[in-house]
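Structure record follows, encoded as structure tokens.
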Amino acid sequence: MKSHAKAVVIGGGVVGCSVLYHLAKAGWTDIMLIERSELTSGSSWHAAGGFHTLNGDPNVAKLQAYTVQLYKEIEEISGQSCSLHLTGGVMMADTPERMDFLRLAHAKGRYLGMDTELITPSEAKAMFPLMDETNFVGAMWDPVEGHLDPSGTTHAYAKAARKLGAEIVLRNRVVELTQEVDGTWNVVTEQGTIKAEHVVNCGGLWAREIGRMVGVELPVLAMEHMYLLTEPMPEVEEFNKSTGREMIGVLDFKGEIYTRQERNGILLGTYEKACKPWSPVNTPWDFGHELLQPDIDRIAPSLEIGFKHFPGIEKAGIKQIINGPFTFALDGNPLVGPVQGLTNFWCACAVMAGFSQGGGVGLALSNWMVHGDPGFDVWGMDVARFGEWATLRYTNAKVRENYSRRFSIRFPNEEFPAARPAQTTPLYDTMLANNAVMGDSWGLETPLWFAPKGSEPKDIVSFHRSNDFGAIGEEVCATRERVGVTEIANFAKYEVSGPGAEDFLNRLMTNRMPKTGRIVLTPMLNEFGRLIGDFTIAKAGEERFMIWGSSAAQKYHMRWFEKHLPKDGPRASEVRIHRFDQTLVGLSIAGPKSRDLLQKLVDVDISTKAFRFMDFREMAVGGAPCMVNRITYTGDLGYEIWMAPAYQRLVYKAIKEAGEEFGLVDFGMRALLSMRLEKNFPTWFRELRPIYGPFEGSMDRFIKLEKNDFIGREAAAKEQAAGPKLRRVSFIVDAADADVMGDEPIWAKVGDKDFGTVEKPHGYGAPRFDAGGKEVRGSNAAEGASAVRGIVDGNWRVVGWVTSGGYAHYVEKSMAQGYVPAVLAENESAGLFEIEILGHRRSARINVEPPFDPSGEKMRT
Ligand SMILES: Cc1cc2nc3c(=O)[nH]c(=O)nc-3n(C[C@H](O)[C@H](O)[C@H](O)COP(=O)(O)OP(=O)(O)OC[C@H]3O[C@@H](n4cnc5c(N)ncnc54)[C@H](O)[C@@H]3O)c2cc1C
């Protein structure tokens, strides 16, 4: 065994082997994989081996598509078969709601380049005759589904990696990880210590224990999972013989089951409601190639539905029930990337669908390690997407909830209850007393809307407008016409200070830093000139800046800030960065009467001239020391008021009392998001994401190319010079009783004009390599884009996609934001666009100027 390596991958399951293969392929050959036992000794060996491309997050879906396409490549390089069966599969809907869900998934698939098709139950039955089609109302066909041999596939990755120069050491457990002052990792194994620059945690069932070796509690939990195998079935054999085909895979939402052909019989697996965590606190190191005791009672309710829906299976004898553990993060997607607060410690774990996702995870992580960037929008599986609130018990509750809902629909207005309330502000009880319907905002309870007095504060979940519609409308109108107050504790807040603070921020941000007492809005770019952040920054003092950003991106942004802090020499102490999280909370007041209200609570002049739009000031509000920004996301006259939690109740009470004479109302996050829509304001993670350039994102006025050199400047200058191919635009949509939710296709009546160059970006910038280590661009399945050009219907063509939207209550319009070809972005003609909502194409018109206060007069008053 070598004593030094550039990178050590811990764990020889399908994920570790994929990471090893991709690192070697990218040119890092001085790498090792250390496996405790034999390859596949965690969950990989007893997997059902199914794979598919669909995922709730379109970016993860694309990486799944890459994984499926990769199998041929690793078979060729390794000479090891993966036993690939590309059968295709259907998802069965038993209710109109589930059919709506499939329509949405199908619509998304259109611009992702997926070849899904909506079909009838009878058509599904023709491909899987064991079903009773009368139980269903419709189905969606996906040709890129199938199954493979889990062990063969893991070995194919491993052999291919070895051929490219990687070393694999078996029967050798990693027992400790320590780090030298210079950053070198000591990987202490049973067979000796390896010095490594990078360590990758691919520990699968033991990923949590490996995290603990470096002081990190990863939000990952193993769950027991059962599938059964039937005896050979004559119906299956007969179908194979008469059609020459294998039976397809079937996913049944109602039964929470999946089923497919296995040899001459059937495999049927369940995601049962009465699910059970495995080893919830510690995973035993001596757990080996053994299976868990099956518990048929637990899956009986699912089987009952399964046998009703697929009567052919009930008659068959059960040959074996497999019960094995595998891991999940809170939302069911993997945990990938560098862990914030550590150097060169990487994760690729909680991969619950290793045979759908393993390849994509390996590609993204190897790009990240070798080139400093994943090369794709991997937010959906970034290890930074959960905060410190995701403790062991929180994780346990959320993973169980996620498992038991694996095949359930999530409605756009649906909030999940497990592990809540976790974090609360001092106003939590007050908000409940005000009849607030609360939502979970990165682990924090946040008011979404206020139900009318006397009615139950509860969402009726739906794809259509629901019971919050009227109440939100009232909150918006009262705020726009008088004044409203809302909690904004769920923003991210940071302080950057020290003599180097301004230079540091100038290097990271695209806009000029403000003068003392002033505020700017500024995007942040990566080296490839893609959007990785959008912030409000105030200069609070000579060497002190306050920063506000997206709550969910706190760890993601801290990781970036820390990476770029001056590290060595005299400058190392020049910049300090502090993340407040919930040690700083806030309230925002907005509306034409907000100044009069605030003036009653402060002892300084806040008239238009004394406290201008985009000013920042520290002042006592209602007697509490606060920081006040003259800016709000409503786009109205208004203020954001920030205080220590100990003062929040005092300030809120003062605002409520002073506001009485102005007709003050409480408003929630949903009203705030409705108001931003009518101002055409974008949101982080919907409109603005790392797949877009700043000019594509229509952020032109915040990009100051002529200021100092900043990260991404060169790439941004190129984007501007060439002209962005895409533009973010706002639409007014002729909707019925449902508004857009995001990811809907945008159609344009452009005849046979081909916008072939306009594609939904997925990857960007980072170079990728072929198996021989040669750089390739544009040829990889997961590269850049999803072809939208192929989708044509007469004179209509899909030209773009929606990022978010909803009902803009003050202007009484259904609105959407999204990306379209730049040549169409200013075309406000009626009849040019349609947006597909729940399978129906609705006419839509671009609205270049925001429908509310287009001149911005109100917020500047
Ligand atoms: C019953 C069942 C059915 C499934 N069906 C499917 C399916 O149809 N499709 C699908 O895609 N997925 C399926 N899965 C899930 C799939 O098995 C996992 O997604 C996949 O195995 C995860 O692989 P991994 O490499 O992350 O983890 P693991 O397979 O758990 O591998 C981790 C490896 O790390 C090693 N290790 C851990 N700690 C150390 C250490 N300290 N030192 C050295 N080595 C260490 C372990 O020995 C192990 O070999 C199923 C799982 C089960 C249980």
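Labels for the structure tokens follow display order: chains A, B, ..., residues from 1 in each chain, ligands from 1.
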
For this session: Return as a ChimeraX atom specification every polymer residue, whether protein, DNA or RNA, with at least one atom no more than 6 Å from an atom of ligand 1; count only C-alpha atoms and all ligand atoms.
Result: /A:10-16,34-37,39-44,46-51,173-175,202-206,225-226,323-326,349,351-356

Problem set entry | Selection near Thr486 of chain A, 9 Å with only C-alpha atoms, sequence-local residues under 4 positions removed, as a list in words | Pro447, Gly586, Leu587, Ser588, Ile589, Ala590, Val665, Asp666, Phe667, Gly668, Met669 and Leu672 of chain A

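Across segment 287-407 of chain A, DSSP run on the backbone finds strand (DSSP E or B) at Ile318, Lys319, Gln320, Ile321, Ile322, Asn323, Gly324, Pro325, Phe326, Thr327, Phe328, Leu335, Val336, Gly337, Pro338, Phe345, Trp346, Cys347, Ala348, Cys349, Phe376 and Asp382 of chain A.
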
Could you please take those selected residues and save N, CA, C and O atoms as a tab-separated table (two decimals), in the first residue's frame?
```
chain	number	residue	atom	x	y	z
A	318	ILE	N	-43.98	-16.42	-3.47
A	318	ILE	CA	-42.84	-15.56	-3.13
A	318	ILE	C	-41.61	-16.42	-2.88
A	318	ILE	O	-41.62	-17.30	-2.02
A	319	LYS	N	-40.56	-16.15	-3.66
A	319	LYS	CA	-39.34	-16.96	-3.55
A	319	LYS	C	-38.47	-16.43	-2.41
A	319	LYS	O	-37.92	-17.18	-1.62
A	320	GLN	N	-38.37	-15.11	-2.31
A	320	GLN	CA	-37.46	-14.52	-1.32
A	320	GLN	C	-37.87	-13.09	-1.01
A	320	GLN	O	-38.37	-12.38	-1.89
A	321	ILE	N	-37.69	-12.68	0.24
A	321	ILE	CA	-37.85	-11.25	0.56
A	321	ILE	C	-36.49	-10.74	1.01
A	321	ILE	O	-35.86	-11.31	1.91
A	322	ILE	N	-36.05	-9.69	0.35
A	322	ILE	CA	-34.76	-9.07	0.69
A	322	ILE	C	-35.07	-7.87	1.59
A	322	ILE	O	-35.92	-7.05	1.27
A	323	ASN	N	-34.38	-7.77	2.70
A	323	ASN	CA	-34.48	-6.56	3.52
A	323	ASN	C	-33.06	-6.09	3.76
A	323	ASN	O	-32.25	-6.78	4.35
A	324	GLY	N	-32.75	-4.87	3.28
A	324	GLY	CA	-31.40	-4.34	3.44
A	324	GLY	C	-31.46	-2.86	3.75
A	324	GLY	O	-32.45	-2.20	3.43
A	325	PRO	N	-30.41	-2.32	4.38
A	325	PRO	CA	-30.41	-0.89	4.68
A	325	PRO	C	-29.74	-0.07	3.59
A	325	PRO	O	-28.79	-0.53	2.98
A	326	PHE	N	-30.24	1.12	3.36
A	326	PHE	CA	-29.49	2.10	2.55
A	326	PHE	C	-29.83	3.51	3.01
A	326	PHE	O	-30.80	3.73	3.72
A	327	THR	N	-28.97	4.44	2.62
A	327	THR	CA	-28.97	5.76	3.27
A	327	THR	C	-29.73	6.84	2.50
A	327	THR	O	-29.81	6.81	1.27
A	328	PHE	N	-30.20	7.79	3.27
A	328	PHE	CA	-30.95	8.94	2.74
A	328	PHE	C	-30.52	10.22	3.45
A	328	PHE	O	-30.23	10.19	4.65
A	335	LEU	N	-25.57	13.89	-0.76
A	335	LEU	CA	-24.77	14.94	-0.12
A	335	LEU	C	-23.41	14.93	-0.81
A	335	LEU	O	-22.62	14.02	-0.60
A	336	VAL	N	-23.18	15.93	-1.63
A	336	VAL	CA	-21.97	15.94	-2.46
A	336	VAL	C	-21.24	17.27	-2.30
A	336	VAL	O	-21.88	18.32	-2.18
A	337	GLY	N	-19.90	17.21	-2.30
A	337	GLY	CA	-19.12	18.44	-2.34
A	337	GLY	C	-18.22	18.62	-1.14
A	337	GLY	O	-18.15	17.76	-0.25
A	338	PRO	N	-17.52	19.77	-1.12
A	338	PRO	CA	-16.62	20.04	0.01
A	338	PRO	C	-17.41	20.48	1.23
A	338	PRO	O	-18.36	21.24	1.12
A	345	PHE	N	-11.87	18.20	2.42
A	345	PHE	CA	-12.64	17.05	2.88
A	345	PHE	C	-13.93	17.04	2.07
A	345	PHE	O	-14.74	17.97	2.15
A	346	TRP	N	-14.12	16.00	1.29
A	346	TRP	CA	-15.22	15.94	0.33
A	346	TRP	C	-16.20	14.83	0.68
A	346	TRP	O	-15.81	13.83	1.27
A	347	CYS	N	-17.43	15.02	0.27
A	347	CYS	CA	-18.47	14.02	0.52
A	347	CYS	C	-19.09	13.55	-0.78
A	347	CYS	O	-19.30	14.36	-1.70
A	348	ALA	N	-19.40	12.29	-0.84
A	348	ALA	CA	-20.28	11.76	-1.90
A	348	ALA	C	-21.04	10.64	-1.21
A	348	ALA	O	-20.69	9.47	-1.30
A	349	CYS	N	-22.04	11.03	-0.44
A	349	CYS	CA	-22.75	10.02	0.35
A	349	CYS	C	-24.25	10.32	0.36
A	349	CYS	O	-24.69	11.27	-0.30
A	376	PHE	N	-21.55	21.84	-13.02
A	376	PHE	CA	-23.00	21.74	-13.21
A	376	PHE	C	-23.68	22.45	-12.06
A	376	PHE	O	-23.07	22.73	-11.04
A	382	ASP	N	-25.98	19.41	-3.13
A	382	ASP	CA	-24.82	20.01	-2.45
A	382	ASP	C	-24.89	19.74	-0.95
A	382	ASP	O	-25.91	20.00	-0.31
```

For this session: Output as a PyMOL selection string all residues of segment 473-718 of chain A that backbone DSSP marks as alpha helix (DSSP H).
Result: chain A and resi 473-481+501-508+554-564+594-601+648-659+669-677+713-718

Problem set entry | Pick from A:Ser466, A:Lys600, A:Glu401, A:Tyr494, whichever lies nearest to Glu661 of chain A using only C-alpha atoms | A:Lys600

Just the residues within 9 Å of segment 129-142 of chain A, please, counting only C-alpha atoms, with nothing from its chain fewer than 6 positions along; format it as a CSV table (one decimal) with all heavy atoms, in the first residue's frame.
```csv
chain,number,residue,atom,x,y,z
A,52,HIS,N,-33.4,5.1,-13.3
A,52,HIS,CA,-34.3,5.9,-14.1
A,52,HIS,C,-33.8,7.3,-14.1
A,52,HIS,O,-32.8,7.6,-13.4
A,52,HIS,CB,-35.7,5.9,-13.4
A,52,HIS,CG,-35.6,6.3,-11.9
A,52,HIS,ND1,-35.5,5.4,-10.9
A,52,HIS,CD2,-35.5,7.5,-11.3
A,52,HIS,CE1,-35.4,5.9,-9.8
A,52,HIS,NE2,-35.4,7.3,-10.0
A,53,THR,N,-34.3,8.2,-14.9
A,53,THR,CA,-33.8,9.5,-15.0
A,53,THR,C,-34.6,10.6,-14.3
A,53,THR,O,-34.1,11.7,-14.1
A,53,THR,CB,-33.6,10.0,-16.5
A,53,THR,OG1,-34.9,9.7,-17.2
A,53,THR,CG2,-32.5,9.2,-17.2
A,54,LEU,N,-35.9,10.3,-14.1
A,54,LEU,CA,-36.7,11.4,-13.5
A,54,LEU,C,-36.3,11.7,-12.1
A,54,LEU,O,-36.0,10.9,-11.3
A,54,LEU,CB,-38.2,10.9,-13.5
A,54,LEU,CG,-38.9,11.1,-14.8
A,54,LEU,CD1,-40.3,10.4,-14.7
A,54,LEU,CD2,-39.1,12.6,-15.1
A,88,GLY,N,-37.4,0.5,-20.2
A,88,GLY,CA,-38.4,1.6,-20.1
A,88,GLY,C,-39.3,1.3,-19.0
A,88,GLY,O,-39.3,0.2,-18.4
A,89,GLY,N,-40.1,2.3,-18.6
A,89,GLY,CA,-41.0,2.1,-17.5
A,89,GLY,C,-42.1,3.1,-17.5
A,89,GLY,O,-42.1,4.1,-18.2
A,90,VAL,N,-43.2,2.8,-16.7
A,90,VAL,CA,-44.3,3.7,-16.6
A,90,VAL,C,-44.6,4.1,-15.1
A,90,VAL,O,-44.3,3.3,-14.2
A,90,VAL,CB,-45.6,3.1,-17.1
A,90,VAL,CG1,-45.6,3.0,-18.6
A,90,VAL,CG2,-45.9,1.7,-16.5
A,91,MET,N,-45.1,5.3,-15.0
A,91,MET,CA,-45.6,5.7,-13.7
A,91,MET,C,-47.1,5.8,-13.8
A,91,MET,O,-47.6,6.4,-14.7
A,91,MET,CB,-45.1,7.1,-13.4
A,91,MET,CG,-43.6,7.2,-13.2
A,91,MET,SD,-43.1,8.9,-12.7
A,91,MET,CE,-41.6,8.6,-12.1
A,92,MET,N,-47.8,5.1,-12.8
A,92,MET,CA,-49.2,5.0,-12.9
A,92,MET,C,-49.9,6.0,-12.0
A,92,MET,O,-49.6,6.0,-10.8
A,92,MET,CB,-49.7,3.6,-12.5
A,92,MET,CG,-49.0,2.4,-13.4
A,92,MET,SD,-49.3,2.6,-15.2
A,92,MET,CE,-51.1,2.6,-15.3
A,93,ALA,N,-50.9,6.7,-12.5
A,93,ALA,CA,-51.7,7.6,-11.7
A,93,ALA,C,-53.0,7.1,-11.5
A,93,ALA,O,-53.7,6.6,-12.4
A,93,ALA,CB,-51.8,9.0,-12.4
A,94,ASP,N,-53.5,7.1,-10.2
A,94,ASP,CA,-54.8,6.5,-9.9
A,94,ASP,C,-55.8,7.6,-9.6
A,94,ASP,O,-57.0,7.3,-9.4
A,94,ASP,CB,-54.7,5.6,-8.7
A,94,ASP,CG,-54.3,6.3,-7.4
A,94,ASP,OD1,-53.4,7.1,-7.5
A,94,ASP,OD2,-55.0,6.2,-6.4
A,95,THR,N,-55.4,8.9,-9.5
A,95,THR,CA,-56.3,10.0,-9.3
A,95,THR,C,-56.0,11.2,-10.2
A,95,THR,O,-54.9,11.3,-10.8
A,95,THR,CB,-56.1,10.5,-7.8
A,95,THR,OG1,-54.8,11.1,-7.7
A,95,THR,CG2,-56.4,9.5,-6.8
A,96,PRO,N,-57.0,12.1,-10.4
A,96,PRO,CA,-56.7,13.3,-11.2
A,96,PRO,C,-55.5,14.1,-10.7
A,96,PRO,O,-54.7,14.6,-11.5
A,96,PRO,CB,-58.0,14.1,-11.1
A,96,PRO,CG,-59.0,13.1,-10.7
A,96,PRO,CD,-58.3,12.1,-9.9
A,98,ARG,N,-52.8,12.9,-9.2
A,98,ARG,CA,-51.6,12.3,-9.6
A,98,ARG,C,-51.3,12.4,-11.1
A,98,ARG,O,-50.2,12.5,-11.5
A,98,ARG,CB,-51.6,10.8,-9.2
A,98,ARG,CG,-51.5,10.6,-7.7
A,98,ARG,CD,-51.0,9.2,-7.3
A,98,ARG,NE,-50.6,9.2,-5.9
A,98,ARG,CZ,-51.5,8.8,-4.9
A,98,ARG,NH1,-52.7,8.4,-5.2
A,98,ARG,NH2,-51.1,8.8,-3.7
A,99,MET,N,-52.4,12.5,-11.8
A,99,MET,CA,-52.3,12.7,-13.3
A,99,MET,C,-51.8,14.2,-13.5
A,99,MET,O,-50.9,14.4,-14.4
A,99,MET,CB,-53.7,12.5,-13.9
A,99,MET,CG,-53.6,12.2,-15.4
A,99,MET,SD,-52.5,10.8,-15.8
A,99,MET,CE,-51.7,11.3,-17.3
A,102,LEU,N,-48.2,14.0,-13.1
A,102,LEU,CA,-47.5,13.4,-14.3
A,102,LEU,C,-47.4,14.4,-15.4
A,102,LEU,O,-46.4,14.5,-16.1
A,102,LEU,CB,-48.2,12.1,-14.7
A,102,LEU,CG,-48.0,10.9,-13.8
A,102,LEU,CD1,-48.7,9.7,-14.4
A,102,LEU,CD2,-46.6,10.7,-13.4
A,103,ARG,N,-48.5,15.2,-15.6
A,103,ARG,CA,-48.5,16.2,-16.6
A,103,ARG,C,-47.4,17.2,-16.4
A,103,ARG,O,-46.7,17.6,-17.3
A,103,ARG,CB,-49.8,17.0,-16.6
A,103,ARG,CG,-50.9,16.2,-17.4
A,103,ARG,CD,-52.1,17.0,-17.7
A,103,ARG,NE,-53.2,16.2,-18.0
A,103,ARG,CZ,-54.2,15.8,-17.2
A,103,ARG,NH1,-54.2,16.2,-16.0
A,103,ARG,NH2,-55.1,14.9,-17.6
A,105,ALA,N,-44.6,16.7,-14.7
A,105,ALA,CA,-43.3,16.0,-14.9
A,105,ALA,C,-43.0,15.9,-16.4
A,105,ALA,O,-41.9,16.1,-16.8
A,105,ALA,CB,-43.3,14.7,-14.2
A,106,HIS,N,-44.1,15.6,-17.1
A,106,HIS,CA,-43.9,15.5,-18.6
A,106,HIS,C,-43.6,16.8,-19.2
A,106,HIS,O,-42.7,16.9,-20.1
A,106,HIS,CB,-45.2,14.9,-19.1
A,106,HIS,CG,-45.3,14.9,-20.6
A,106,HIS,ND1,-44.4,14.1,-21.4
A,106,HIS,CD2,-46.0,15.5,-21.5
A,106,HIS,CE1,-44.7,14.2,-22.6
A,106,HIS,NE2,-45.7,15.1,-22.8
A,114,MET,N,-36.1,15.0,-22.4
A,114,MET,CA,-36.5,13.7,-22.1
A,114,MET,C,-37.7,13.3,-23.0
A,114,MET,O,-38.5,14.2,-23.4
A,114,MET,CB,-37.0,13.6,-20.6
A,114,MET,CG,-35.8,13.7,-19.7
A,114,MET,SD,-36.3,13.5,-18.0
A,114,MET,CE,-34.8,13.8,-17.2
A,115,ASP,N,-37.7,12.0,-23.2
A,115,ASP,CA,-38.6,11.6,-24.2
A,115,ASP,C,-39.9,10.9,-23.6
A,115,ASP,O,-40.3,9.9,-24.0
A,115,ASP,CB,-37.9,10.5,-25.1
A,115,ASP,CG,-38.3,10.6,-26.5
A,115,ASP,OD1,-39.1,11.4,-26.8
A,115,ASP,OD2,-37.8,9.7,-27.3
A,116,THR,N,-40.4,11.5,-22.5
A,116,THR,CA,-41.5,10.9,-21.9
A,116,THR,C,-42.8,11.1,-22.7
A,116,THR,O,-42.9,12.0,-23.5
A,116,THR,CB,-41.7,11.6,-20.5
A,116,THR,OG1,-41.9,13.0,-20.6
A,116,THR,CG2,-40.6,11.3,-19.5
A,117,GLU,N,-43.8,10.3,-22.4
A,117,GLU,CA,-45.0,10.3,-23.1
A,117,GLU,C,-46.2,10.0,-22.1
A,117,GLU,O,-46.0,9.1,-21.3
A,117,GLU,CB,-45.0,9.2,-24.2
A,117,GLU,CG,-45.8,9.5,-25.4
A,117,GLU,CD,-45.7,8.3,-26.3
A,117,GLU,OE1,-44.5,7.8,-26.5
A,117,GLU,OE2,-46.7,7.8,-26.8
A,118,LEU,N,-47.3,10.8,-22.3
A,118,LEU,CA,-48.5,10.5,-21.4
A,118,LEU,C,-49.3,9.4,-22.2
A,118,LEU,O,-49.6,9.6,-23.4
A,118,LEU,CB,-49.3,11.7,-21.2
A,118,LEU,CG,-48.6,12.8,-20.4
A,118,LEU,CD1,-49.4,14.1,-20.3
A,118,LEU,CD2,-48.2,12.3,-19.0
A,119,ILE,N,-49.6,8.3,-21.5
A,119,ILE,CA,-50.3,7.2,-22.2
A,119,ILE,C,-51.5,6.8,-21.3
A,119,ILE,O,-51.7,7.2,-20.2
A,119,ILE,CB,-49.4,6.0,-22.4
A,119,ILE,CG1,-48.8,5.5,-21.1
A,119,ILE,CG2,-48.2,6.4,-23.3
A,119,ILE,CD1,-48.0,4.2,-21.2
A,120,THR,N,-52.3,6.0,-21.9
A,120,THR,CA,-53.5,5.5,-21.2
A,120,THR,C,-53.2,4.3,-20.4
A,120,THR,O,-52.2,3.6,-20.7
A,120,THR,CB,-54.6,5.1,-22.2
A,120,THR,OG1,-54.1,4.0,-23.0
A,120,THR,CG2,-55.0,6.2,-23.2
A,121,PRO,N,-54.1,3.9,-19.4
A,121,PRO,CA,-53.8,2.7,-18.6
A,121,PRO,C,-53.8,1.5,-19.5
A,121,PRO,O,-53.0,0.6,-19.3
A,121,PRO,CB,-55.0,2.7,-17.7
A,121,PRO,CG,-55.4,4.1,-17.5
A,121,PRO,CD,-55.2,4.7,-18.9
A,122,SER,N,-54.6,1.4,-20.6
A,122,SER,CA,-54.6,0.3,-21.4
A,122,SER,C,-53.2,0.1,-22.1
A,122,SER,O,-52.7,-1.0,-22.3
A,122,SER,CB,-55.7,0.3,-22.5
A,122,SER,OG,-56.9,0.6,-21.8
A,123,GLU,N,-52.7,1.3,-22.6
A,123,GLU,CA,-51.4,1.2,-23.2
A,123,GLU,C,-50.3,0.7,-22.3
A,123,GLU,O,-49.4,-0.1,-22.6
A,123,GLU,CB,-51.0,2.6,-23.8
A,123,GLU,CG,-51.8,3.0,-25.0
A,123,GLU,CD,-51.6,4.4,-25.4
A,123,GLU,OE1,-51.7,5.3,-24.5
A,123,GLU,OE2,-51.4,4.7,-26.6
A,235,GLU,N,-47.0,-16.3,-16.9
A,235,GLU,CA,-47.5,-15.1,-17.6
A,235,GLU,C,-46.3,-14.3,-18.1
A,235,GLU,O,-46.3,-13.7,-19.2
A,235,GLU,CB,-48.3,-14.2,-16.7
A,235,GLU,CG,-49.5,-14.8,-16.1
A,235,GLU,CD,-49.3,-15.4,-14.8
A,235,GLU,OE1,-48.2,-16.0,-14.5
A,235,GLU,OE2,-50.2,-15.2,-13.9
A,236,VAL,N,-45.2,-14.3,-17.3
A,236,VAL,CA,-44.0,-13.5,-17.7
A,236,VAL,C,-43.4,-14.2,-18.9
A,236,VAL,O,-43.0,-13.6,-19.9
A,236,VAL,CB,-43.1,-13.4,-16.5
A,236,VAL,CG1,-41.8,-12.7,-16.9
A,236,VAL,CG2,-43.8,-12.6,-15.4
A,239,PHE,N,-45.3,-13.7,-22.0
A,239,PHE,CA,-45.2,-12.4,-22.5
A,239,PHE,C,-43.9,-12.2,-23.3
A,239,PHE,O,-43.8,-11.7,-24.4
A,239,PHE,CB,-45.3,-11.3,-21.4
A,239,PHE,CG,-45.1,-9.9,-21.9
A,239,PHE,CD1,-46.1,-9.2,-22.4
A,239,PHE,CD2,-43.8,-9.3,-21.8
A,239,PHE,CE1,-45.9,-7.8,-22.8
A,239,PHE,CE2,-43.6,-8.0,-22.2
A,239,PHE,CZ,-44.7,-7.3,-22.7
A,247,MET,N,-40.6,-7.5,-19.7
A,247,MET,CA,-41.7,-6.6,-19.2
A,247,MET,C,-41.0,-5.3,-18.7
A,247,MET,O,-39.9,-5.3,-18.2
A,247,MET,CB,-42.4,-7.3,-18.0
A,247,MET,CG,-43.5,-8.2,-18.5
A,247,MET,SD,-44.5,-8.7,-17.1
A,247,MET,CE,-45.5,-9.9,-17.9
A,307,PHE,N,-51.3,-6.0,-4.8
A,307,PHE,CA,-52.0,-7.2,-5.4
A,307,PHE,C,-53.3,-6.9,-6.0
A,307,PHE,O,-53.7,-7.5,-7.0
A,307,PHE,CB,-52.2,-8.3,-4.3
A,307,PHE,CG,-50.9,-8.9,-3.7
A,307,PHE,CD1,-50.8,-9.3,-2.5
A,307,PHE,CD2,-49.8,-8.9,-4.6
A,307,PHE,CE1,-49.6,-9.9,-2.0
A,307,PHE,CE2,-48.5,-9.5,-4.1
A,307,PHE,CZ,-48.5,-10.0,-2.9
A,308,LYS,N,-53.9,-5.8,-5.5
A,308,LYS,CA,-55.2,-5.4,-6.2
A,308,LYS,C,-54.9,-4.7,-7.6
A,308,LYS,O,-55.5,-5.0,-8.5
A,308,LYS,CB,-55.9,-4.4,-5.3
A,308,LYS,CG,-57.2,-3.8,-5.8
A,308,LYS,CD,-57.9,-3.0,-4.8
A,308,LYS,CE,-59.1,-2.3,-5.4
A,308,LYS,NZ,-58.8,-1.0,-5.9
A,309,HIS,N,-53.8,-3.9,-7.6
A,309,HIS,CA,-53.5,-3.2,-8.8
A,309,HIS,C,-52.8,-4.2,-9.8
A,309,HIS,O,-52.9,-4.0,-11.0
A,309,HIS,CB,-52.5,-2.1,-8.5
A,309,HIS,CG,-53.2,-0.9,-7.8
A,309,HIS,ND1,-52.6,0.3,-7.6
A,309,HIS,CD2,-54.5,-0.8,-7.4
A,309,HIS,CE1,-53.4,1.1,-7.0
A,309,HIS,NE2,-54.6,0.5,-6.9
A,310,PHE,N,-52.1,-5.2,-9.3
A,310,PHE,CA,-51.4,-6.1,-10.2
A,310,PHE,C,-51.8,-7.5,-9.8
A,310,PHE,O,-50.9,-8.3,-9.2
A,310,PHE,CB,-49.9,-5.9,-10.0
A,310,PHE,CG,-49.4,-4.5,-10.2
A,310,PHE,CD1,-49.3,-3.6,-9.2
A,310,PHE,CD2,-49.3,-4.0,-11.5
A,310,PHE,CE1,-48.9,-2.3,-9.3
A,310,PHE,CE2,-48.9,-2.6,-11.7
A,310,PHE,CZ,-48.8,-1.8,-10.6
A,311,PRO,N,-53.0,-7.9,-10.1
A,311,PRO,CA,-53.5,-9.2,-9.6
A,311,PRO,C,-52.7,-10.4,-10.1
A,311,PRO,O,-52.6,-11.4,-9.4
A,311,PRO,CB,-54.9,-9.3,-10.1
A,311,PRO,CG,-55.1,-8.1,-11.0
A,311,PRO,CD,-54.0,-7.2,-10.8
A,312,GLY,N,-52.0,-10.2,-11.2
A,312,GLY,CA,-51.1,-11.3,-11.7
A,312,GLY,C,-50.1,-11.7,-10.7
A,312,GLY,O,-49.6,-12.8,-10.7
A,313,ILE,N,-49.6,-10.7,-10.0
A,313,ILE,CA,-48.5,-11.0,-9.1
A,313,ILE,C,-49.0,-11.8,-7.8
A,313,ILE,O,-48.2,-12.6,-7.3
A,313,ILE,CB,-47.8,-9.7,-8.6
A,313,ILE,CG1,-47.3,-8.9,-9.9
A,313,ILE,CG2,-46.6,-10.0,-7.7
A,313,ILE,CD1,-46.6,-7.6,-9.6
```

For this session: Can you pull out every residue within 10 Å of Trp560 of chain A, counting only C-alpha atoms, but drop anything in the same chain fewer than 2 positions away, and send it as a PyMOL selection string?
Result: chain A and resi 340+508+526+532-533+554-558+562-565

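Summary of the local environment: counting only C-alpha atoms, residues at most 10 Å from Gly697 of chain A, other than itself and those fewer than 3 positions away along its chain, are Arg530, Leu531, Pro682, Glu687, Leu688, Arg689, Ile691, Tyr692, Gly693, Pro694, Asp700, Pro724, Leu726, Arg727, Arg728, Val729, Gly818 and Tyr819 of chain A.
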